[in-house]
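Student: So here's upload-v1.txt (compact mmCIF, C-alpha atoms and all ligand atoms).
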```txt
# COMPACT_ATOMS: atom_id res chain seq x y z
CA MET A 263 83.08 135.14 130.66
CA ALA A 264 79.91 135.89 132.51
CA PHE A 265 78.50 133.77 135.27
CA TYR A 266 74.99 133.30 136.41
CA SER A 267 73.36 131.27 139.07
CA GLU A 268 70.26 129.17 139.04
CA ASP A 269 68.11 127.75 141.77
CA ASP A 270 68.47 124.19 140.56
CA LYS A 271 71.36 122.77 142.58
CA SER A 272 71.65 119.56 140.58
CA GLU A 273 75.10 120.47 139.27
CA ASP A 274 77.82 122.92 140.14
CA TYR A 275 78.93 123.80 136.63
CA LEU A 276 77.90 123.45 133.01
CA PHE A 277 80.66 123.51 130.40
CA LYS A 278 79.91 123.59 126.68
CA ILE A 279 82.38 121.49 124.72
CA VAL A 280 82.42 121.13 120.94
CA LEU A 281 83.58 118.23 118.78
CA ILE A 282 85.17 119.27 115.49
CA GLY A 283 87.10 117.58 112.69
CA ASP A 284 86.62 116.15 109.20
CA SER A 285 83.77 113.87 108.26
CA ALA A 286 84.02 110.25 109.48
CA VAL A 287 86.94 110.79 111.89
CA GLY A 288 84.68 109.38 114.62
CA LYS A 289 83.28 112.43 116.44
CA SER A 290 79.81 110.96 116.95
CA ASN A 291 81.20 107.64 118.08
CA LEU A 292 83.55 109.26 120.58
CA LEU A 293 80.51 110.98 122.07
CA ALA A 294 78.44 107.77 121.95
CA ARG A 295 81.22 105.84 123.67
CA PHE A 296 81.75 108.48 126.34
CA ALA A 297 78.11 109.26 127.10
CA ARG A 298 76.44 105.88 126.56
CA ASP A 299 79.27 103.37 126.18
CA GLU A 300 78.00 102.55 122.69
CA PHE A 301 79.67 102.17 119.31
CA TYR A 302 78.11 102.19 115.85
CA PRO A 303 80.14 100.29 113.23
CA ASN A 304 78.15 101.80 110.37
CA SER A 305 77.15 105.22 111.59
CA LYS A 306 75.95 107.77 109.08
CA SER A 307 77.10 111.40 108.85
CA THR A 308 75.61 113.68 111.45
CA ILE A 309 73.07 116.05 109.97
CA GLY A 310 72.74 119.38 111.73
CA VAL A 311 73.73 119.47 115.38
CA GLU A 312 73.30 117.06 118.26
CA PHE A 313 74.33 117.43 121.83
CA GLN A 314 74.54 115.19 124.84
CA THR A 315 74.98 116.15 128.45
CA GLN A 316 77.23 114.06 130.63
CA LYS A 317 77.66 114.45 134.37
CA MET A 318 81.20 114.22 135.68
CA ASP A 319 82.74 114.38 139.11
CA ILE A 320 85.82 116.59 139.26
CA ASN A 321 87.39 117.17 142.68
CA GLY A 322 84.09 116.38 144.33
CA LYS A 323 82.19 118.89 142.20
CA GLU A 324 79.42 117.73 139.93
CA ILE A 325 80.07 119.06 136.45
CA LYS A 326 77.80 118.80 133.48
CA ALA A 327 79.66 118.62 130.20
CA GLN A 328 77.33 119.62 127.39
CA ILE A 329 79.04 118.07 124.38
CA TRP A 330 78.07 119.29 120.92
CA ASP A 331 78.55 117.26 117.77
CA THR A 332 78.04 118.32 114.18
CA ALA A 333 78.91 117.07 110.71
CA GLY A 334 82.43 117.39 109.40
CA GLN A 335 81.00 118.06 105.95
CA GLU A 336 80.05 121.65 105.30
CA ARG A 337 76.80 120.76 103.53
CA PHE A 338 75.40 118.97 106.57
CA ARG A 339 76.41 121.56 109.11
CA ALA A 340 74.22 124.03 110.93
CA VAL A 341 75.06 127.71 111.44
CA THR A 342 78.72 127.73 112.40
CA SER A 343 78.75 130.66 114.80
CA ALA A 344 75.86 129.21 116.84
CA TYR A 345 77.69 125.91 117.16
CA TYR A 346 80.77 127.52 118.69
CA ARG A 347 79.03 130.20 120.72
CA GLY A 348 79.85 129.94 124.41
CA ALA A 349 82.14 126.92 124.01
CA VAL A 350 84.83 126.68 126.70
CA GLY A 351 86.35 123.42 125.49
CA ALA A 352 86.96 121.60 122.21
CA LEU A 353 88.00 118.17 120.97
CA LEU A 354 89.72 118.59 117.62
CA VAL A 355 89.60 115.14 116.05
CA TYR A 356 91.48 113.49 113.16
CA ASP A 357 91.68 109.87 112.03
CA ILE A 358 95.16 108.34 112.44
CA SER A 359 94.45 106.13 109.41
CA ARG A 360 93.71 109.08 107.06
CA ARG A 361 96.47 111.65 106.74
CA GLN A 362 94.16 114.08 104.97
CA THR A 363 92.14 114.51 108.16
CA PHE A 364 95.37 115.47 109.98
CA HIS A 365 96.13 118.06 107.30
CA SER A 366 92.74 119.63 107.96
CA ILE A 367 93.56 120.39 111.60
CA GLY A 368 94.92 123.87 110.81
CA ARG A 369 91.67 124.80 109.08
CA TRP A 370 89.59 123.54 112.02
CA LEU A 371 91.74 125.47 114.48
CA ASN A 372 91.24 128.63 112.43
CA GLU A 373 87.51 128.10 112.44
CA LEU A 374 87.49 127.43 116.19
CA HIS A 375 89.46 130.59 116.91
CA THR A 376 87.35 132.66 114.53
CA HIS A 377 84.13 131.73 116.29
CA SER A 378 85.21 131.26 119.90
CA ASP A 379 87.83 132.63 122.24
CA MET A 380 91.51 131.96 121.40
CA ASN A 381 91.93 130.31 124.81
CA VAL A 382 89.17 127.74 124.57
CA VAL A 383 90.65 124.60 126.18
CA THR A 384 91.44 122.28 123.27
CA ILE A 385 92.70 118.74 122.92
CA LEU A 386 93.97 117.31 119.65
CA VAL A 387 92.58 113.78 119.35
CA GLY A 388 94.00 111.14 116.99
CA ASN A 389 91.08 108.71 116.82
CA LYS A 390 90.94 105.09 115.54
CA SER A 391 94.15 104.08 117.33
CA ASP A 392 92.91 100.48 116.99
CA LEU A 393 93.66 100.60 113.24
CA LYS A 394 97.33 99.88 113.83
CA ASP A 395 98.06 98.40 110.40
CA LEU A 396 96.41 101.29 108.59
CA ARG A 397 98.13 104.07 110.51
CA GLU A 398 99.15 107.05 108.33
CA VAL A 399 99.89 109.60 111.08
CA SER A 400 102.46 108.72 113.75
CA THR A 401 101.94 109.46 117.41
CA ALA A 402 105.05 111.67 117.31
CA GLU A 403 103.53 113.82 114.53
CA GLY A 404 100.35 114.27 116.50
CA LYS A 405 102.27 115.22 119.64
CA ALA A 406 104.46 117.66 117.74
CA LEU A 407 101.50 119.44 116.20
CA ALA A 408 99.76 119.66 119.56
CA GLU A 409 102.86 121.08 121.20
CA ALA A 410 103.35 123.62 118.43
CA GLN A 411 99.75 124.78 118.78
CA GLY A 412 99.62 124.65 122.59
CA LEU A 413 97.01 121.88 122.67
CA PHE A 414 96.59 118.82 124.81
CA PHE A 415 97.05 115.57 122.88
CA MET A 416 95.74 112.02 123.08
CA GLU A 417 95.15 109.09 120.74
CA THR A 418 91.81 107.37 121.24
CA SER A 419 89.69 104.55 119.94
CA ALA A 420 85.92 104.82 120.07
CA LEU A 421 85.91 101.18 118.98
CA ASP A 422 87.90 99.72 121.89
CA SER A 423 87.31 102.66 124.28
CA SER A 424 91.00 103.55 124.73
CA ASN A 425 91.46 107.01 126.19
CA VAL A 426 87.94 108.16 125.27
CA ALA A 427 86.92 109.15 128.80
CA ALA A 428 90.44 110.45 129.45
CA ALA A 429 90.25 112.84 126.49
CA PHE A 430 86.97 114.39 127.64
CA GLU A 431 88.16 114.48 131.26
CA THR A 432 91.39 116.24 130.31
CA VAL A 433 89.41 119.11 128.81
CA VAL A 434 86.86 119.32 131.62
CA LYS A 435 89.54 119.18 134.35
CA GLU A 436 91.54 121.95 132.71
CA ILE A 437 88.48 124.18 132.39
CA TYR A 438 87.71 123.53 136.03
CA ASN A 439 91.33 124.24 137.05
CA ILE A 440 91.36 127.55 135.17
CA LEU A 441 88.10 128.48 136.80
CA SER A 442 89.45 127.51 140.23
CA ARG A 443 92.65 129.53 139.73
CA LYS A 444 90.59 132.52 138.74
CA VAL A 445 88.51 132.22 141.87
CA MET A 446 91.53 131.61 144.09
CA SER A 447 93.33 134.63 142.69
CA SER A 448 90.40 136.91 143.21
CA GLN A 449 90.86 138.99 146.36
CA GLU A 450 87.16 139.29 146.86
CA LEU A 451 86.69 135.54 146.77
CA ASN A 452 89.99 134.69 148.41
CA LYS A 453 90.06 131.29 150.11
CA GLN A 454 86.64 130.41 148.81
CA ASP A 455 85.71 127.36 146.88
CA PRO A 456 84.79 127.96 143.20
CA ALA A 457 81.29 126.69 143.82
CA SER A 458 80.78 129.46 146.32
CA LEU A 459 80.61 132.08 143.61
CA SER A 460 77.23 133.71 143.27
CA ASN A 461 76.55 133.54 146.98
CA GLY A 462 76.75 129.79 147.16
CA LYS A 463 74.44 129.20 144.26
CA LYS A 464 75.29 127.07 141.32
CA VAL A 465 77.64 128.60 138.80
CA VAL A 466 76.91 127.87 135.19
CA ILE A 467 79.16 128.74 132.33
CA PRO A 468 78.73 129.90 129.72
CA SER A 469 75.68 131.91 130.57
CA ASP A 470 75.07 134.00 127.53
CA GLY A 471 77.12 132.58 124.74
CA GLN A 472 79.58 135.45 124.96
CA GLY A 473 82.02 133.60 127.17
CA GLU A 474 85.71 134.09 126.82
CA PHE A 475 88.70 132.41 128.32
CA LYS A 476 91.79 134.32 129.33
CA LYS A 477 95.18 132.67 129.75
CA GLY A 478 96.06 132.10 133.40
CA GLY A 479 92.57 132.86 134.51
CA CYS A 480 89.34 132.45 132.84
CA CYS A 481 86.50 134.62 133.00
CA SER A 482 85.45 138.14 132.47
CA SER A 483 82.05 139.58 132.01
N1 LIG A 501 88.06 101.35 113.68
C1 LIG A 501 87.44 102.40 114.18
N2 LIG A 501 86.37 102.93 113.54
C2 LIG A 501 85.78 104.03 114.09
C3 LIG A 501 86.22 104.61 115.29
N3 LIG A 501 85.43 105.69 115.55
C4 LIG A 501 84.54 105.74 114.57
N4 LIG A 501 84.73 104.75 113.68
C5 LIG A 501 83.97 104.49 112.46
O1 LIG A 501 84.19 105.57 111.57
C6 LIG A 501 82.99 105.87 110.84
C7 LIG A 501 82.61 107.34 111.05
O2 LIG A 501 82.32 107.56 112.44
P1 LIG A 501 81.42 108.78 112.92
O3 LIG A 501 81.45 108.75 114.42
O4 LIG A 501 80.09 108.76 112.26
O5 LIG A 501 82.27 110.00 112.35
P2 LIG A 501 81.94 111.57 112.43
O6 LIG A 501 83.25 112.25 112.58
O7 LIG A 501 80.92 111.84 113.47
O8 LIG A 501 81.36 111.85 110.98
P3 LIG A 501 80.47 113.11 110.45
O9 LIG A 501 79.18 113.11 111.19
O10 LIG A 501 80.30 112.82 108.98
O11 LIG A 501 81.29 114.35 110.67
C8 LIG A 501 81.92 104.90 111.35
O12 LIG A 501 81.87 103.82 110.45
C9 LIG A 501 82.47 104.42 112.69
O13 LIG A 501 82.04 103.13 113.03
C10 LIG A 501 87.35 104.03 115.96
O14 LIG A 501 87.84 104.47 117.00
N5 LIG A 501 87.91 102.93 115.36
```
Would you give me this structure, written as structure tokens?
Ligand SMILES: Nc1nc2c(ncn2[C@@H]2O[C@H](COP(=O)(O)OP(=O)(O)OP(=O)(O)O)[C@@H](O)[C@H]2O)c(=O)[nH]1
Tutor:
Amino acid sequence: MAFYSEDDKSEDYLFKIVLIGDSAVGKSNLLARFARDEFYPNSKSTIGVEFQTQKMDINGKEIKAQIWDTAGQERFRAVTSAYYRGAVGALLVYDISRRQTFHSIGRWLNELHTHSDMNVVTILVGNKSDLKDLREVSTAEGKALAEAQGLFFMETSALDSSNVAAAFETVVKEIYNILSRKVMSSQELNKQDPASLSNGKKVVIPSDGQGEFKKGGCCSS
């Protein structure tokens, strides 16, 4: 992954995170709840691509999460490769009350790994946990799939807010931790704070859409 610095010091990092999953699993509402604390009971399918930037404080560093949302339905989606380009994190969402959306997870993972790096930090999200009586996918099944695929896992509800912020924060913290480990393990930058890369200027990733994550470290140019 390449880095670049900018003069604007308003944030230390910018991480691109994508929301993916079948239509109507609640991607847009997860983003609305996280970014604006809003919920839309009758939201329509996303058409094209939307993104929202949310500032977060991780270990005293100001991080901007740029969260991208698109339609689950192919016919409403924009160019796939552009959507994934430069993503360093992903929320892979299914609806716990519709088993079919859980079955689609393998296909979404394939698409994610086709268009972005294999090591993009990913959390499997079982949304609509408030629909207890309609549940079709157990928590244990979700956990097992996440473990098998090496993903983080959480059940959320955009309706009652459960775990919504936690799911986004899990991804952002892990990206930050990988970045920190990379910096700490670098001889050249030994004992320096991650934000001190680029001669103390702000570090923004991804810079050029060609970012890649490596296991146990993160970035190469
Ligand atoms: N009960 C419940 N309903 C939810 C929740 N999240 C979303 N919904 C509802 O599910 C429907 C679809 O939500 P969206 O956020 O539009 O789903 P989406 O995944 O963005 O859909 P596409 O844009 O078509 O891909 C809407 O009617 C929401 O109100 C939730 O956590 N609980």
Student: Hey, can you check how far atom CA of Ser391 of chain A sits from atom CA of Lys306 of chain A?
Tutor: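 Pair atom CA of Ser391 of chain A / atom CA of Lys306 of chain A returns 20.3 Å.
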Student: By how many Å are atom CA of Asp395 of chain A and atom CA of Leu407 of chain A apart?
Tutor: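 For atom CA of Asp395 of chain A relative to atom CA of Leu407 of chain A, the distance reads 22.1 Å.
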Student: Let me have all residues with an atom within 7 Å of ligand LIG 501 (chain A), counting only C-alpha atoms and all ligand atoms, laid out as a ChimeraX atom specification.
Tutor: /A:283-292,301-309,332-335,389-393,418-422
Student: Go ahead and write the selection's residues with C-alpha atoms as a compact mmCIF listing (two decimals), in the frame of the given file.
Tutor:
```
# COMPACT_ATOMS: atom_id res chain seq x y z
CA GLY A 283 87.10 117.58 112.69
CA ASP A 284 86.62 116.15 109.20
CA SER A 285 83.77 113.87 108.26
CA ALA A 286 84.02 110.25 109.48
CA VAL A 287 86.94 110.79 111.89
CA GLY A 288 84.68 109.38 114.62
CA LYS A 289 83.28 112.43 116.44
CA SER A 290 79.81 110.96 116.95
CA ASN A 291 81.20 107.64 118.08
CA LEU A 292 83.55 109.26 120.58
CA PHE A 301 79.67 102.17 119.31
CA TYR A 302 78.11 102.19 115.85
CA PRO A 303 80.14 100.29 113.23
CA ASN A 304 78.15 101.80 110.37
CA SER A 305 77.15 105.22 111.59
CA LYS A 306 75.95 107.77 109.08
CA SER A 307 77.10 111.40 108.85
CA THR A 308 75.61 113.68 111.45
CA ILE A 309 73.07 116.05 109.97
CA THR A 332 78.04 118.32 114.18
CA ALA A 333 78.91 117.07 110.71
CA GLY A 334 82.43 117.39 109.40
CA GLN A 335 81.00 118.06 105.95
CA ASN A 389 91.08 108.71 116.82
CA LYS A 390 90.94 105.09 115.54
CA SER A 391 94.15 104.08 117.33
CA ASP A 392 92.91 100.48 116.99
CA LEU A 393 93.66 100.60 113.24
CA THR A 418 91.81 107.37 121.24
CA SER A 419 89.69 104.55 119.94
CA ALA A 420 85.92 104.82 120.07
CA LEU A 421 85.91 101.18 118.98
CA ASP A 422 87.90 99.72 121.89
```
Student: Taking only C-alpha atoms into account, which of A:Ile282, A:Ile367, A:Ala410, A:Met380 comes nearest Leu353 of chain A?
Tutor: A:Ile282
Student: What is the atom CA of Glu436 of chain A to atom CA of Val382 of chain A distance in Å?
Tutor: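 Separation of atom CA of Glu436 of chain A and atom CA of Val382 of chain A: 10.3 Å.
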Student: Which of these, A:Glu312, A:Asp357, A:Glu409, A:Glu431, has the shortest distance to Arg397 of chain A once you count all atoms listed in the file?
Tutor: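 Using all atoms listed in the file, Arg397 of chain A sits closest to A:Asp357.
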Student: Name the closest residue to Leu413 of chain A among the candidates A:Arg360, A:Leu371, A:Thr342, A:Ala427; distances are taken between atoms, counting only C-alpha atoms.
Tutor: A:Leu371
Student: Can you pull out the residues contacting Ser366 of chain A? Cut-off 10 Å, using all atoms listed in the file, and skip same-chain residues under 2 positions away; I want them as an mmCIF file with C-alpha atoms, in the frame of the given file.
Tutor:
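Here's the written file result_10.cif:
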```cif
data_model
loop_
_atom_site.group_PDB
_atom_site.id
_atom_site.type_symbol
_atom_site.label_atom_id
_atom_site.label_comp_id
_atom_site.auth_asym_id
_atom_site.auth_seq_id
_atom_site.Cartn_x
_atom_site.Cartn_y
_atom_site.Cartn_z
ATOM 1 C CA GLY A 283 87.100 117.580 112.690
ATOM 2 C CA ASP A 284 86.620 116.150 109.200
ATOM 3 C CA VAL A 355 89.600 115.140 116.050
ATOM 4 C CA TYR A 356 91.480 113.490 113.160
ATOM 5 C CA ARG A 361 96.470 111.650 106.740
ATOM 6 C CA GLN A 362 94.160 114.080 104.970
ATOM 7 C CA THR A 363 92.140 114.510 108.160
ATOM 8 C CA PHE A 364 95.370 115.470 109.980
ATOM 9 C CA GLY A 368 94.920 123.870 110.810
ATOM 10 C CA ARG A 369 91.670 124.800 109.080
ATOM 11 C CA TRP A 370 89.590 123.540 112.020
ATOM 12 C CA LEU A 371 91.740 125.470 114.480
#
```
Student: Val387 of chain A: which residues within 6 Å, counting all atoms listed in the file, same-chain residues fewer than 6 positions away excluded, as a list in words?
Tutor: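 The residues that qualify are Leu354, Val355, Phe415, Met416 and Glu417 of chain A.
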Student: Quick one: residues within 12 Å of segment 375-377 of chain A, all atoms listed in the file counted, chain neighbours fewer than 3 positions away excluded, as an MDAnalysis selection string?
Tutor: chainID A and resid 280 341:352 368:372 380:384 411 471:475
Student: Looking at all atoms listed in the file, which of A:Phe430, A:Phe414, A:Phe296, A:Tyr438 is the one that sits closest to Gly322 of chain A?
Tutor: A:Tyr438
Student: What would the list of residues within 6 Å of (99.3, 109.0, 109.3) (file frame) look like as number ranges by chain, if only C-alpha atoms are what count?
Tutor: A: 358-359, 361, 397-400
Student: Please, could all heavy atoms be added to segment 373-384 of chain A and the result written as a PDB file, in the frame of the given file?
Tutor:
```
ATOM      1  N   GLU A 373      88.952 127.917 112.278  1.00  0.00           N
ATOM      2  CA  GLU A 373      87.510 128.100 112.440  1.00  0.00           C
ATOM      3  C   GLU A 373      87.140 128.236 113.912  1.00  0.00           C
ATOM      4  O   GLU A 373      86.358 129.099 114.307  1.00  0.00           O
ATOM      5  CB  GLU A 373      86.755 126.924 111.807  1.00  0.00           C
ATOM      6  CG  GLU A 373      85.244 127.135 111.859  1.00  0.00           C
ATOM      7  CD  GLU A 373      84.477 126.087 111.083  1.00  0.00           C
ATOM      8  OE1 GLU A 373      84.617 126.034 109.852  1.00  0.00           O
ATOM      9  OE2 GLU A 373      83.710 125.335 111.722  1.00  0.00           O
ATOM     10  N   LEU A 374      87.754 127.378 114.738  1.00  0.00           N
ATOM     11  CA  LEU A 374      87.490 127.430 116.190  1.00  0.00           C
ATOM     12  C   LEU A 374      87.843 128.810 116.736  1.00  0.00           C
ATOM     13  O   LEU A 374      87.067 129.417 117.488  1.00  0.00           O
ATOM     14  CB  LEU A 374      88.316 126.341 116.882  1.00  0.00           C
ATOM     15  CG  LEU A 374      88.275 126.290 118.402  1.00  0.00           C
ATOM     16  CD1 LEU A 374      86.881 125.891 118.890  1.00  0.00           C
ATOM     17  CD2 LEU A 374      89.304 125.296 118.945  1.00  0.00           C
ATOM     18  N   HIS A 375      89.009 129.317 116.358  1.00  0.00           N
ATOM     19  CA  HIS A 375      89.460 130.590 116.910  1.00  0.00           C
ATOM     20  C   HIS A 375      88.728 131.791 116.310  1.00  0.00           C
ATOM     21  O   HIS A 375      88.669 132.851 116.917  1.00  0.00           O
ATOM     22  CB  HIS A 375      90.978 130.719 116.763  1.00  0.00           C
ATOM     23  CG  HIS A 375      91.710 129.750 117.639  1.00  0.00           C
ATOM     24  ND1 HIS A 375      92.948 129.246 117.342  1.00  0.00           N
ATOM     25  CD2 HIS A 375      91.344 129.155 118.814  1.00  0.00           C
ATOM     26  CE1 HIS A 375      93.324 128.402 118.296  1.00  0.00           C
ATOM     27  NE2 HIS A 375      92.369 128.323 119.188  1.00  0.00           N
ATOM     28  N   THR A 376      88.155 131.590 115.127  1.00  0.00           N
ATOM     29  CA  THR A 376      87.350 132.660 114.530  1.00  0.00           C
ATOM     30  C   THR A 376      86.030 132.811 115.275  1.00  0.00           C
ATOM     31  O   THR A 376      85.532 133.917 115.462  1.00  0.00           O
ATOM     32  CB  THR A 376      87.050 132.335 113.042  1.00  0.00           C
ATOM     33  OG1 THR A 376      88.293 132.203 112.372  1.00  0.00           O
ATOM     34  CG2 THR A 376      86.217 133.433 112.385  1.00  0.00           C
ATOM     35  N   HIS A 377      85.477 131.693 115.719  1.00  0.00           N
ATOM     36  CA  HIS A 377      84.130 131.730 116.290  1.00  0.00           C
ATOM     37  C   HIS A 377      84.084 131.602 117.805  1.00  0.00           C
ATOM     38  O   HIS A 377      83.015 131.683 118.406  1.00  0.00           O
ATOM     39  CB  HIS A 377      83.270 130.627 115.667  1.00  0.00           C
ATOM     40  CG  HIS A 377      83.046 130.830 114.201  1.00  0.00           C
ATOM     41  ND1 HIS A 377      82.162 131.763 113.713  1.00  0.00           N
ATOM     42  CD2 HIS A 377      83.619 130.260 113.133  1.00  0.00           C
ATOM     43  CE1 HIS A 377      82.188 131.731 112.392  1.00  0.00           C
ATOM     44  NE2 HIS A 377      83.061 130.831 112.016  1.00  0.00           N
ATOM     45  N   SER A 378      85.215 131.330 118.435  1.00  0.00           N
ATOM     46  CA  SER A 378      85.210 131.260 119.900  1.00  0.00           C
ATOM     47  C   SER A 378      86.507 131.905 120.386  1.00  0.00           C
ATOM     48  O   SER A 378      87.349 132.308 119.588  1.00  0.00           O
ATOM     49  CB  SER A 378      85.081 129.825 120.397  1.00  0.00           C
ATOM     50  OG  SER A 378      86.100 129.039 119.848  1.00  0.00           O
ATOM     51  N   ASP A 379      86.660 131.973 121.694  1.00  0.00           N
ATOM     52  CA  ASP A 379      87.830 132.630 122.240  1.00  0.00           C
ATOM     53  C   ASP A 379      89.107 131.862 121.902  1.00  0.00           C
ATOM     54  O   ASP A 379      89.102 130.627 121.833  1.00  0.00           O
ATOM     55  CB  ASP A 379      87.672 132.759 123.758  1.00  0.00           C
ATOM     56  CG  ASP A 379      88.752 133.635 124.359  1.00  0.00           C
ATOM     57  OD1 ASP A 379      88.553 134.859 124.379  1.00  0.00           O
ATOM     58  OD2 ASP A 379      89.787 133.095 124.768  1.00  0.00           O
ATOM     59  N   MET A 380      90.214 132.573 121.716  1.00  0.00           N
ATOM     60  CA  MET A 380      91.510 131.960 121.400  1.00  0.00           C
ATOM     61  C   MET A 380      91.909 130.932 122.462  1.00  0.00           C
ATOM     62  O   MET A 380      92.629 129.989 122.188  1.00  0.00           O
ATOM     63  CB  MET A 380      92.598 133.034 121.348  1.00  0.00           C
ATOM     64  CG  MET A 380      92.640 133.814 120.071  1.00  0.00           C
ATOM     65  SD  MET A 380      92.998 132.785 118.641  1.00  0.00           S
ATOM     66  CE  MET A 380      94.750 132.474 118.846  1.00  0.00           C
ATOM     67  N   ASN A 381      91.469 131.161 123.705  1.00  0.00           N
ATOM     68  CA  ASN A 381      91.930 130.310 124.810  1.00  0.00           C
ATOM     69  C   ASN A 381      90.969 129.209 125.197  1.00  0.00           C
ATOM     70  O   ASN A 381      91.072 128.657 126.287  1.00  0.00           O
ATOM     71  CB  ASN A 381      92.275 131.186 126.009  1.00  0.00           C
ATOM     72  CG  ASN A 381      93.397 132.133 125.664  1.00  0.00           C
ATOM     73  OD1 ASN A 381      94.405 131.716 125.116  1.00  0.00           O
ATOM     74  ND2 ASN A 381      93.215 133.406 125.952  1.00  0.00           N
ATOM     75  N   VAL A 382      90.048 128.877 124.308  1.00  0.00           N
ATOM     76  CA  VAL A 382      89.170 127.740 124.570  1.00  0.00           C
ATOM     77  C   VAL A 382      90.056 126.499 124.781  1.00  0.00           C
ATOM     78  O   VAL A 382      91.014 126.264 124.037  1.00  0.00           O
ATOM     79  CB  VAL A 382      88.153 127.569 123.397  1.00  0.00           C
ATOM     80  CG1 VAL A 382      88.844 127.346 122.085  1.00  0.00           C
ATOM     81  CG2 VAL A 382      87.171 126.466 123.672  1.00  0.00           C
ATOM     82  N   VAL A 383      89.789 125.752 125.845  1.00  0.00           N
ATOM     83  CA  VAL A 383      90.650 124.600 126.180  1.00  0.00           C
ATOM     84  C   VAL A 383      90.470 123.513 125.112  1.00  0.00           C
ATOM     85  O   VAL A 383      89.360 123.015 124.904  1.00  0.00           O
ATOM     86  CB  VAL A 383      90.290 124.038 127.570  1.00  0.00           C
ATOM     87  CG1 VAL A 383      91.102 122.780 127.870  1.00  0.00           C
ATOM     88  CG2 VAL A 383      90.532 125.097 128.651  1.00  0.00           C
ATOM     89  N   THR A 384      91.553 123.157 124.442  1.00  0.00           N
ATOM     90  CA  THR A 384      91.440 122.280 123.270  1.00  0.00           C
ATOM     91  C   THR A 384      92.384 121.091 123.369  1.00  0.00           C
ATOM     92  O   THR A 384      93.544 121.232 123.741  1.00  0.00           O
ATOM     93  CB  THR A 384      91.783 123.082 121.987  1.00  0.00           C
ATOM     94  OG1 THR A 384      90.990 124.259 121.958  1.00  0.00           O
ATOM     95  CG2 THR A 384      91.513 122.273 120.733  1.00  0.00           C
TER      96      THR A 384
END
```
